[in-house]
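Notes for the one structure printed next.
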Amino acid sequence: MLSTKLIGKDKNTSMRLSFWKPQRRLEAEAQHRSRRPNPARLAVAGALAVALGLGVAACGSSSSGSGGTISLVAYSTPETVYDKKLIPAFQKTSGGSGAEFSTSFGPSGDQSRAVAAGQPADYVHLSIEPDMQNLVDAGVVDSNWDQNSYHGIVQDSVVVFVVRKGNPKNIQTWDDLIRSGVQVVTPNVFSSGGAKWNLLAAYGAQIEDGKSPAEALDYLKSLLENAVAQPGSASDALTTFTNGKGDVLLSYESDAIEAQEAGEDIEYVVPDDTILIETPAATTSDASTQAQDFLKFLWTPEAQQLWADGGYRPVDKQVLAKNEDKFPTPPGLFTVDDPSIGGWEKANTDFFDPTNGSVAKIEEGLGVSTG
Amino acid sequence: MPRLGGAALGRGLVTAYLSLIVLIPIAALVAKSTDGGLGGFWDSVTSPLALSALKLTLILSAIVVVVNVITGTIIAWVLVRDSFPGKALVNSVIDLPFALPTVVAGITLLALYGTNSPVGIDIAFTRVGITVALLFVTLPFVVRAVQPVLLELDREMEEAAASLGAGPLTTFRRVIFPNLRPALLAGTALAFARAVGEFGSVILISGNLPKTQTAPLFIFAQIESGNTEGAAAVSVALLVIALVVLLGIGRLTHWSLRHGR
């Protein structure tokens, strides 16, 4: 719009015209009539394109219900384990022979919203329970999704401290994180749902330590004051940390293991008090039998061992016991449902409400005091 | 578009297209922003974090535009008036920020000018870092707006000015600048609009701290934490401010075309 205005001068206009169609400029008037059908043809082409689009969309939706392909929608981090380990293993079982997968990985909240808005999904795996609740509310997942012996959780992890090789700042406990001069990196809880686990771990650890809720909130404030970056997602946070920023990164144990195996110069410390990260998985209400078989397969000892190989803590007690060298149980391990936190619903209202939550207030204080 | 056949049909198509692509989505955004009532809208926009994000975005965008108008004009000038080996290559490099996914730009800038900077410049997670990212993505707008006008600028005008006794500065001020002004304003408008909405290149280098959170990052965080009304409200505020600035630039352009010389 602005650029057409500024070529309003005669000279520019002629230049622009001659640039497009130099030899036809004089013929333009003569061709005036013959050019008339063009808009009509355009309209026909447009209608065709729309019709084609609808056709394709129709095909897409009709195939999603049938048993052939399982649409897997999950949060970002387990992508490698699904693609390289779990899906191939399932396809080798009798129940999974011939099963084809179409997979989609992304931030948990985004994935949940997309499925609630109609993205085809047979199997969903999210990083926090409220994202699954969102699908229950949308009528995509049955409300009894967690009524099984594993409460709908397919694997666990814990919040750990990722530090530089050799742990130069000797970071072992939560108190070490709020020492002056220690630079902390943790994803922003408002842009990364999964990062809520980090702050819940920090808060719960203080309560486990005998602190009052007010003191625990003060701790969160000190922690966020030491935060030199609050990247938008867990992977952004890892990028920030491996690029050299910060002394300690709050992260999932599984991410830390994966980064270590990818050759990053890091190690990680499992604090004595930390939270058990439980990631919920379910099949949607109209999922095929094969998709349900896939979910059942994920709880078999075989699949649980594959999770362990991929860096995730098995929910099967026996498989976990077999891997206890890799996954030592911290003495002060707690879950989101412990009285110190009081479950997801309470946590989301009390801490993470974007306008009134206590974490929002802390961030506000940090933003205003320095800005 | 003058003298295109079937003016009514053309206008209809334009209206339909603009509605589908621009107007309806923006109307939906405005509707969404007032889901919580006007009071909710106002609360969202005036929350301390939203205000500081909006302020930061506008100030940085203004700085970026001023810097790029100056450097962009100089670059365009050099590309048009000078000849040097590799000029064609440099000319193509200008457009790269358009083609590069902005998040890649963000990672690159973080690696180059972050803590482990190989060139010894550490501006990551500061407002300076955000400014550099915005300079990077908005540079082509000014260069590409000014360059064509410089190309067709009649050098005889400058020679005439010189023969009438004008020094280089006077020639620039009285002859070249008035010719460039509309293009500069157009480049300014595009660069400003882009800087205000830029997300991908900023998210990594800003560190997303409360004091380095620009409005698009703030909006993203609100969406991710389920506060879509708040996100829409701040977006609408951002759009209104941008619209006012763009209208102002449009007026200036209009004025300079009529009274410029």
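Chain labels A, B, ... are given in the sequence in which chains occur in the structure tokens; within each chain residues are numbered consecutively from 1, and ligands are likewise numbered from 1 in the order shown.
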
TODO: Select residues of chain B: the criterion is any atom within 7 Å of an atom of chain A, counting only C-alpha atoms; output as a VMD selection string.
DONE: chain B and resid 5 to 6 48 to 49 111 115 to 116 125 182 to 183 186 203 to 204 207 to 211 220 to 222 224 to 225 227 250

Store the residues picked out above in a file with C-alpha atoms, as a short mmCIF file (atom, residue, chain, number, x, y, z; two decimals), in the first residue's frame.
data_model
loop_
_atom_site.label_atom_id
_atom_site.label_comp_id
_atom_site.auth_asym_id
_atom_site.auth_seq_id
_atom_site.Cartn_x
_atom_site.Cartn_y
_atom_site.Cartn_z
CA GLY B 5 -10.93 -4.38 -16.96
CA GLY B 6 -14.06 -4.99 -14.91
CA PRO B 48 2.88 -4.33 34.73
CA LEU B 49 4.51 -7.06 32.64
CA ALA B 111 26.43 -18.51 19.18
CA THR B 115 28.77 -16.17 26.29
CA ASN B 116 31.10 -18.29 24.18
CA PHE B 125 20.12 -11.90 27.17
CA PRO B 182 9.16 8.68 0.20
CA ALA B 183 11.23 5.52 -0.17
CA ALA B 186 8.21 3.31 3.16
CA ILE B 203 13.14 -15.55 21.60
CA LEU B 204 16.56 -17.12 22.08
CA GLY B 207 16.61 -14.91 27.38
CA ASN B 208 12.89 -14.23 27.88
CA LEU B 209 13.55 -12.58 31.25
CA PRO B 210 10.94 -10.22 32.63
CA LYS B 211 13.14 -7.25 31.73
CA PHE B 220 3.47 -16.15 23.28
CA ALA B 221 3.83 -16.86 27.00
CA GLN B 222 0.23 -15.86 27.63
CA GLU B 224 1.13 -21.04 26.18
CA SER B 225 -0.25 -20.64 29.67
CA ASN B 227 -4.56 -16.94 28.78
CA GLY B 250 1.58 7.39 5.58
#

- [ ] May I ask which of the residues A:Val359, A:Leu177, A:Ala281, A:Ile128 is the closest one to Val160 of chain A, counting only C-alpha atoms?
- [x] A:Leu177

TODO: Could you please write out, as number ranges by chain, every residue of segment 122-279 of chain A that DSSP assigns to strand (DSSP E or B)?
DONE: A: 123-125, 153-164, 184-185, 227-229, 248-252, 266-269, 273-279

- [ ] May I ask which of the residues B:Asn68, B:Gln147, B:Thr46, B:Thr34 is the closest one to Arg81 of chain B, counting only C-alpha atoms?
- [x] B:Gln147

TODO: Would you return as a PyMOL selection string the members of segment 224-307 of chain A that DSSP assigns to helix (DSSP H, G or I) on this structure's backbone?
DONE: chain A and resi 224-225+234-242+253-261+289-298+301-307

Task: Shell of 8 Å around segment 198-214 of chain A, only C-alpha atoms, local chain residues under 5 positions omitted, as a count of residues only - done: 15

Open item on the list: Residues near segment 253-262 of chain A, anyone? I mean within 7 Å using only C-alpha atoms, not counting same-chain ones fewer than 3 positions away, as an MDAnalysis selection string.
Closed with: chainID A and resid 157:160 162 266:268 311:312

Would you list the contacts of Leu153 of chain B as a JSON list (two decimals) with N, CA and C atoms, in the first residue's frame, taking every protein, DNA or RNA residue within 8 Å and counting only C-alpha atoms, but skipping same-chain residues closer than 3 positions in sequence?
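That gives us result.json:
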[["chain", "number", "residue", "atom", "x", "y", "z"],
["B", 149, "VAL", "N", 15.09, 3.65, -6.01],
["B", 149, "VAL", "CA", 14.95, 5.09, -6.21],
["B", 149, "VAL", "C", 16.31, 5.72, -6.51],
["B", 150, "LEU", "N", 17.31, 5.26, -5.79],
["B", 150, "LEU", "CA", 18.67, 5.76, -6.05],
["B", 150, "LEU", "C", 19.11, 5.41, -7.46],
["B", 179, "ASN", "N", 14.26, 13.42, -2.87],
["B", 179, "ASN", "CA", 13.88, 12.33, -3.76],
["B", 179, "ASN", "C", 13.78, 11.00, -3.02]]

Task: Atom-to-atom span, atom CA of Ala133 of chain B and atom CA of Val69 of chain B, Å - done: 15.8 Å

Task: Atomic separation - atom CA of Leu246 of chain B relative to atom CA of Arg181 of chain B, Å - done: 15.3 Å
